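Trainee: The file below is target02.pdb, PDB, C-alpha atoms, pLDDT in the B column:
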MODEL        1
ATOM      1  CA  MET A   1       9.978  -0.097  -6.612  1.00 66.00           C
ATOM      2  CA  THR A   2       6.699   1.469  -5.638  1.00 82.00           C
ATOM      3  CA  THR A   3       3.939   0.600  -3.221  1.00 88.00           C
ATOM      4  CA  VAL A   4       1.796  -0.630  -6.111  1.00 90.00           C
ATOM      5  CA  THR A   5       4.505  -2.976  -7.409  1.00 93.00           C
ATOM      6  CA  LEU A   6       5.041  -4.193  -3.829  1.00 95.00           C
ATOM      7  CA  LEU A   7       1.349  -5.053  -3.643  1.00 95.00           C
ATOM      8  CA  LYS A   8       1.414  -6.931  -6.974  1.00 96.00           C
ATOM      9  CA  ASP A   9       4.629  -8.763  -6.034  1.00 97.00           C
ATOM     10  CA  LEU A  10       3.135  -9.803  -2.692  1.00 97.00           C
ATOM     11  CA  VAL A  11       0.097 -11.298  -4.435  1.00 97.00           C
ATOM     12  CA  GLU A  12       2.457 -13.454  -6.493  1.00 97.00           C
ATOM     13  CA  PHE A  13       4.571 -14.294  -3.429  1.00 97.00           C
ATOM     14  CA  VAL A  14       1.549 -15.443  -1.390  1.00 98.00           C
ATOM     15  CA  ARG A  15       0.142 -17.437  -4.329  1.00 97.00           C
ATOM     16  CA  ASN A  16       3.453 -19.279  -4.563  1.00 96.00           C
ATOM     17  CA  ALA A  17       3.666 -19.697  -0.777  1.00 96.00           C
ATOM     18  CA  LEU A  18       0.220 -21.314  -0.690  1.00 96.00           C
ATOM     19  CA  ALA A  19       0.530 -23.322  -3.923  1.00 94.00           C
ATOM     20  CA  SER A  20       1.471 -26.519  -2.087  1.00 92.00           C
ATOM     21  CA  TYR A  21      -0.843 -25.858   0.860  1.00 92.00           C
ATOM     22  CA  GLU A  22      -3.978 -27.993   0.758  1.00 90.00           C
ATOM     23  CA  TYR A  23      -6.917 -26.221   2.316  1.00 91.00           C
ATOM     24  CA  ARG A  24      -9.577 -28.709   3.359  1.00 87.00           C
ATOM     25  CA  ASN A  25     -12.764 -27.437   4.975  1.00 80.00           C
ATOM     26  CA  SER A  26     -14.781 -29.303   7.597  1.00 79.00           C
ATOM     27  CA  LEU A  27     -16.882 -30.906   4.839  1.00 81.00           C
ATOM     28  CA  GLY A  28     -13.727 -32.562   3.493  1.00 86.00           C
ATOM     29  CA  GLU A  29     -13.662 -30.409   0.366  1.00 85.00           C
ATOM     30  CA  VAL A  30     -10.268 -29.322  -0.942  1.00 90.00           C
ATOM     31  CA  LEU A  31     -10.593 -25.735  -2.124  1.00 90.00           C
ATOM     32  CA  PRO A  32      -8.090 -23.408  -3.792  1.00 93.00           C
ATOM     33  CA  ILE A  33      -7.175 -20.319  -1.813  1.00 95.00           C
ATOM     34  CA  GLN A  34      -7.885 -17.154  -3.767  1.00 94.00           C
ATOM     35  CA  VAL A  35      -5.175 -14.512  -3.430  1.00 96.00           C
ATOM     36  CA  LYS A  36      -5.682 -10.969  -4.650  1.00 95.00           C
ATOM     37  CA  ASP A  37      -5.067  -7.375  -3.733  1.00 95.00           C
ATOM     38  CA  GLY A  38      -7.716  -4.977  -2.586  1.00 90.00           C
ATOM     39  CA  TYR A  39     -11.195  -5.971  -1.510  1.00 87.00           C
ATOM     40  CA  GLN A  40     -13.774  -8.686  -2.080  1.00 80.00           C
ATOM     41  CA  LYS A  41     -16.599  -7.749  -4.397  1.00 72.00           C
ATOM     42  CA  VAL A  42     -19.871  -6.789  -2.803  1.00 66.00           C
ATOM     43  CA  ARG A  43     -21.592 -10.068  -2.104  1.00 58.00           C
ATOM     44  CA  GLU A  44     -24.997 -10.661  -3.590  1.00 55.00           C
ATOM     45  CA  GLU A  45     -27.547 -13.005  -2.091  1.00 53.00           C
ATOM     46  CA  ASP A  46     -27.116 -15.756  -4.674  1.00 46.00           C
ATOM     47  CA  ASP A  47     -23.302 -15.604  -4.841  1.00 49.00           C
ATOM     48  CA  ASP A  48     -21.322 -18.626  -3.817  1.00 48.00           C
ATOM     49  CA  GLU A  49     -19.062 -17.895  -0.879  1.00 58.00           C
ATOM     50  CA  GLU A  50     -15.689 -16.690  -2.162  1.00 75.00           C
ATOM     51  CA  VAL A  51     -13.659 -18.363   0.522  1.00 85.00           C
ATOM     52  CA  PRO A  52     -11.005 -19.300   1.325  1.00 93.00           C
ATOM     53  CA  TYR A  53      -9.162 -16.130   0.392  1.00 95.00           C
ATOM     54  CA  VAL A  54      -6.226 -13.903   1.207  1.00 97.00           C
ATOM     55  CA  LEU A  55      -6.732 -10.207   0.462  1.00 97.00           C
ATOM     56  CA  ILE A  56      -3.580  -8.121   0.517  1.00 98.00           C
ATOM     57  CA  ARG A  57      -3.942  -4.440   1.278  1.00 97.00           C
ATOM     58  CA  LEU A  58      -1.583  -1.578   1.899  1.00 94.00           C
ATOM     59  CA  GLY A  59      -2.013  -0.059   5.331  1.00 92.00           C
ATOM     60  CA  LYS A  60      -0.065   2.994   6.310  1.00 94.00           C
ATOM     61  CA  GLY A  61       3.252   4.150   4.940  1.00 94.00           C
ATOM     62  CA  LYS A  62       6.081   6.326   6.138  1.00 93.00           C
ATOM     63  CA  ALA A  63       9.015   7.968   4.377  1.00 90.00           C
ATOM     64  CA  ASP A  64      11.916  10.154   5.334  1.00 88.00           C
ATOM     65  CA  TYR A  65      15.185  10.989   3.590  1.00 84.00           C
ATOM     66  CA  GLU A  66      16.689   7.631   4.466  1.00 84.00           C
ATOM     67  CA  GLU A  67      13.988   5.100   3.636  1.00 87.00           C
ATOM     68  CA  ALA A  68      10.334   4.470   2.915  1.00 92.00           C
ATOM     69  CA  THR A  69       8.266   1.738   4.560  1.00 95.00           C
ATOM     70  CA  VAL A  70       4.766   0.378   4.062  1.00 96.00           C
ATOM     71  CA  GLU A  71       2.640  -1.648   6.455  1.00 97.00           C
ATOM     72  CA  VAL A  72       0.897  -4.468   4.609  1.00 97.00           C
ATOM     73  CA  GLN A  73      -2.142  -6.344   5.839  1.00 98.00           C
ATOM     74  CA  PHE A  74      -3.027  -9.887   4.788  1.00 98.00           C
ATOM     75  CA  TYR A  75      -6.733 -10.549   5.428  1.00 97.00           C
ATOM     76  CA  VAL A  76      -7.689 -14.232   5.545  1.00 97.00           C
ATOM     77  CA  GLY A  77     -11.196 -15.624   5.322  1.00 95.00           C
ATOM     78  CA  VAL A  78     -12.275 -19.283   5.423  1.00 93.00           C
ATOM     79  CA  PHE A  79     -15.565 -21.156   5.509  1.00 89.00           C
ATOM     80  CA  ASP A  80     -15.679 -23.928   8.069  1.00 88.00           C
ATOM     81  CA  LYS A  81     -18.759 -25.404   9.784  1.00 87.00           C
ATOM     82  CA  ASP A  82     -16.718 -26.802  12.674  1.00 85.00           C
ATOM     83  CA  VAL A  83     -18.054 -24.644  15.524  1.00 85.00           C
ATOM     84  CA  ASP A  84     -15.205 -25.478  17.884  1.00 84.00           C
ATOM     85  CA  ASN A  85     -12.218 -25.524  15.544  1.00 84.00           C
ATOM     86  CA  GLY A  86     -13.188 -23.614  12.385  1.00 84.00           C
ATOM     87  CA  TYR A  87     -10.922 -20.717  13.291  1.00 89.00           C
ATOM     88  CA  ILE A  88      -7.907 -23.049  13.147  1.00 91.00           C
ATOM     89  CA  SER A  89      -8.120 -23.192   9.343  1.00 90.00           C
ATOM     90  CA  CYS A  90      -7.735 -19.417   9.293  1.00 94.00           C
ATOM     91  CA  LEU A  91      -4.787 -19.501  11.697  1.00 95.00           C
ATOM     92  CA  ASN A  92      -3.049 -22.182   9.635  1.00 95.00           C
ATOM     93  CA  ILE A  93      -3.111 -19.963   6.544  1.00 96.00           C
ATOM     94  CA  ILE A  94      -1.867 -16.972   8.540  1.00 98.00           C
ATOM     95  CA  ASP A  95       0.978 -19.088   9.955  1.00 97.00           C
ATOM     96  CA  ARG A  96       1.922 -20.381   6.503  1.00 97.00           C
ATOM     97  CA  ILE A  97       2.211 -16.843   5.118  1.00 98.00           C
ATOM     98  CA  ARG A  98       4.156 -15.669   8.172  1.00 97.00           C
ATOM     99  CA  HIS A  99       6.605 -18.587   7.986  1.00 97.00           C
ATOM    100  CA  GLU A 100       7.240 -17.953   4.288  1.00 96.00           C
ATOM    101  CA  LEU A 101       7.835 -14.243   4.899  1.00 97.00           C
ATOM    102  CA  GLN A 102      10.160 -14.944   7.823  1.00 96.00           C
ATOM    103  CA  ALA A 103      12.194 -17.305   5.641  1.00 95.00           C
ATOM    104  CA  MET A 104      12.786 -14.600   3.019  1.00 89.00           C
ATOM    105  CA  PRO A 105      14.774 -11.458   3.837  1.00 87.00           C
ATOM    106  CA  PHE A 106      13.425  -9.847   0.648  1.00 94.00           C
ATOM    107  CA  VAL A 107      10.311 -10.295  -1.462  1.00 95.00           C
ATOM    108  CA  ALA A 108      10.885 -10.109  -5.243  1.00 94.00           C
ATOM    109  CA  ASN A 109      14.537  -9.278  -4.499  1.00 92.00           C
ATOM    110  CA  ALA A 110      13.424  -5.724  -3.812  1.00 92.00           C
ATOM    111  CA  TYR A 111      11.387  -5.316  -0.631  1.00 95.00           C
ATOM    112  CA  GLU A 112      12.925  -6.011   2.740  1.00 95.00           C
ATOM    113  CA  VAL A 113      10.621  -7.780   5.176  1.00 96.00           C
ATOM    114  CA  ARG A 114      10.599  -5.961   8.523  1.00 94.00           C
ATOM    115  CA  PRO A 115       9.300  -7.728  11.625  1.00 93.00           C
ATOM    116  CA  PRO A 116       7.435  -7.731  13.870  1.00 96.00           C
ATOM    117  CA  PHE A 117       4.670  -9.853  12.437  1.00 97.00           C
ATOM    118  CA  ASN A 118       1.349  -9.072  14.072  1.00 98.00           C
ATOM    119  CA  TRP A 119      -1.828 -11.077  13.698  1.00 97.00           C
ATOM    120  CA  ILE A 120      -5.332 -10.835  15.020  1.00 97.00           C
ATOM    121  CA  MET A 121      -8.503 -12.883  14.730  1.00 94.00           C
ATOM    122  CA  ALA A 122     -11.988 -11.407  14.363  1.00 91.00           C
ATOM    123  CA  ASP A 123     -13.153 -10.321  17.791  1.00 84.00           C
ATOM    124  CA  LYS A 124     -16.731 -11.439  17.159  1.00 83.00           C
ATOM    125  CA  GLU A 125     -18.151 -14.839  16.310  1.00 80.00           C
ATOM    126  CA  THR A 126     -18.586 -14.968  12.538  1.00 84.00           C
ATOM    127  CA  TYR A 127     -19.485 -18.640  12.176  1.00 87.00           C
ATOM    128  CA  PRO A 128     -19.311 -20.332   9.682  1.00 89.00           C
ATOM    129  CA  VAL A 129     -16.893 -17.859   8.070  1.00 90.00           C
ATOM    130  CA  TRP A 130     -13.757 -17.123  10.083  1.00 93.00           C
ATOM    131  CA  PHE A 131     -11.524 -14.092   9.644  1.00 95.00           C
ATOM    132  CA  GLY A 132      -8.030 -13.097  10.670  1.00 96.00           C
ATOM    133  CA  MET A 133      -5.363 -10.622   9.649  1.00 97.00           C
ATOM    134  CA  LEU A 134      -1.563 -10.677   9.545  1.00 98.00           C
ATOM    135  CA  SER A 135       0.501  -7.510   9.187  1.00 98.00           C
ATOM    136  CA  CYS A 136       4.147  -6.603   8.790  1.00 97.00           C
ATOM    137  CA  THR A 137       6.223  -3.853   7.239  1.00 97.00           C
ATOM    138  CA  PHE A 138       8.264  -3.720   4.033  1.00 96.00           C
ATOM    139  CA  THR A 139      10.804  -1.229   2.759  1.00 94.00           C
ATOM    140  CA  VAL A 140      10.056   0.299  -0.627  1.00 90.00           C
ATOM    141  CA  GLY A 141      12.102   2.460  -2.957  1.00 75.00           C
ATOM    142  CA  ASN A 142      12.795   5.956  -1.760  1.00 70.00           C
ATOM    143  CA  ILE A 143      13.165   8.540  -4.506  1.00 63.00           C
ATOM    144  CA  MET A 144      15.384  10.682  -2.274  1.00 56.00           C
ATOM    145  CA  ASN A 145      17.952   7.868  -2.000  1.00 52.00           C
ATOM    146  CA  ALA A 146      17.792   7.174  -5.745  1.00 50.00           C
ATOM    147  CA  GLU A 147      18.487  10.835  -6.580  1.00 51.00           C
ATOM    148  CA  ALA A 148      21.360  10.946  -4.077  1.00 47.00           C
ATOM    149  CA  LEU A 149      22.937   7.875  -5.677  1.00 44.00           C
ATOM    150  CA  VAL A 150      22.722   9.405  -9.149  1.00 46.00           C
ATOM    151  CA  ASN A 151      24.213  12.676  -7.900  1.00 49.00           C
ATOM    152  CA  ASP A 152      27.105  10.805  -6.281  1.00 46.00           C
ATOM    153  CA  LEU A 153      28.112   9.206  -9.612  1.00 52.00           C
TER
ENDMDL
END
Would you mind writing the file out in structure tokens?
Mentor:
Amino acid sequence: MTTVTLLKDLVEFVRNALASYEYRNSLGEVLPIQVKDGYQKVREEDDDEEVPYVLIRLGKGKADYEEATVEVQFYVGVFDKDVDNGYISCLNIIDRIRHELQAMPFVANAYEVRPPFNWIMADKETYPVWFGMLSCTFTVGNIMNAEALVNDL
């Protein structure tokens, strides 16, 4: 159990959580939600918009002799030309991820989900692309505990 395996397992978890979710933009198009770790590629002028997406990134971590925890951030981006309600598509995806995480005490039977769940929307108008971010904390393996367990055997 490492921070890298947590990241990879969360990508799979979110893909599964959103598999039955139908994202429909304001043009009526049903689009798949891309889920990956890290960052979007640098956009070039002739690229098609790579939205909707969920980018999963590791924030800050903390470890002591008892446990190790990692803050994870789920960045959501959607394209929606509805000036008044476009942000709602972004919030719906954030809520779906949050609900799925709250329903599971552990992700991949290894990482404990630790509330609180915090979310924020972009503080500037980004029409027609809308952005938000969800964050929470997970426990990860702590080498100090693993060594103590082996020594106790």
Trainee: Go through the shown structure with the PyMOL selection byres ((chain A and resi 27) around 12) and write out the matching residues as a PyMOL selection string.
Mentor: chain A and resi 23-26+28-31+79-82+86+128
Trainee: Just the residues within 10 Å of Arg98 in chain A, please, counting all atoms listed in the file, with nothing from its chain fewer than 6 positions along; format it as a list in words.
Mentor: Val14, Ala17, Phe74, Asn92, Phe117, Asn118, Trp119, Leu134, Ser135 and Cys136 of chain A
Trainee: List the neighbours of Phe106 in chain A out to 12 Å using all atoms listed in the file; skip same-chain residues closer than 3 positions along the sequence, and give me the result as a list of chain:residue names.
Mentor: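 Listed by chain and then number, they are A:Leu6, A:Asp9, A:Leu10, A:Phe13, A:Glu100, A:Leu101, A:Gln102, A:Ala103, A:Asn109, A:Ala110, A:Tyr111, A:Glu112, A:Val113, A:Arg114, A:Pro115, A:Thr137, A:Phe138, A:Thr139, A:Val140.
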Trainee: Using CA of Glu125 in chain A and CA of Asn85 in chain A as the two end points, give the distance in Å to one decimal.
Mentor: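 One can read the CA of Glu125 in chain A to CA of Asn85 in chain A distance as 12.2 Å.
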Trainee: Of the candidates A:Met121, A:Tyr39, A:Ala108, A:Leu55, which one gets nearest to Thr5 in chain A if we count all atoms listed in the file?
Mentor: A:Ala108
Trainee: Let me make sure I understand: among A:Lys8, A:Arg15, A:Arg96, A:Lys41, which one has the smallest atom-to-atom distance to Leu58 in chain A if we use all atoms listed in the file?
Mentor: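 Checking each of A:Lys8, A:Arg15, A:Arg96, A:Lys41 against Leu58 in chain A, counting all atoms listed in the file, the winner is A:Lys8.
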Trainee: May I ask for the distance between CA of Tyr87 in chain A and CA of Tyr53 in chain A, given in Å to one decimal place?
Mentor: 13.8 Å
Trainee: One decimal, Å: what's the distance from CA of Gln40 in chain A over to CA of Ser20 in chain A, could you say?
Mentor: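 Between CA of Gln40 in chain A and CA of Ser20 in chain A the gap is 23.5 Å.
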Trainee: Can you list, as a PyMOL selection string, every protein, DNA or RNA residue that comes within 12 Å of Ile120 in chain A when you count all atoms listed in the file, leaving out same-chain residues fewer than 6 positions away?
Mentor: chain A and resi 73-76+87+90-91+94-95+130-135
Trainee: I need the chosen residues saved as a tab-separated table (two decimals), in the frame of the given file, with C-alpha atoms.
Mentor:
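Final output, saved to part_4.tsv:
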chain	number	residue	atom	x	y	z
A	73	GLN	CA	-2.14	-6.34	5.84
A	74	PHE	CA	-3.03	-9.89	4.79
A	75	TYR	CA	-6.73	-10.55	5.43
A	76	VAL	CA	-7.69	-14.23	5.54
A	87	TYR	CA	-10.92	-20.72	13.29
A	90	CYS	CA	-7.74	-19.42	9.29
A	91	LEU	CA	-4.79	-19.50	11.70
A	94	ILE	CA	-1.87	-16.97	8.54
A	95	ASP	CA	0.98	-19.09	9.96
A	130	TRP	CA	-13.76	-17.12	10.08
A	131	PHE	CA	-11.52	-14.09	9.64
A	132	GLY	CA	-8.03	-13.10	10.67
A	133	MET	CA	-5.36	-10.62	9.65
A	134	LEU	CA	-1.56	-10.68	9.54
A	135	SER	CA	0.50	-7.51	9.19
Trainee: Take the PyMOL selection byres ((chain A and resi 61) around 9), run it mentally on this structure, and tell me the resulting residues as a count of residues only.
Mentor: 12
Trainee: So, counting all atoms listed in the file, which residue among A:Ile56, A:Val107, A:Gly141, A:Ile33 is closest to Tyr21 in chain A?
Mentor: A:Ile33
Trainee: Considering all atoms listed in the file, state which residue in the set A:Asp64, A:Pro52, A:Leu7, A:Val83 is at the smallest distance from Asp37 in chain A.
Mentor: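 Of all the options, A:Leu7 lies closest to Asp37 in chain A.
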Trainee: With distances taken over all atoms listed in the file, which residue among A:Asn142, A:Val51, A:Val35, A:His99 lies nearest Glu66 in chain A?
Mentor: A:Asn142
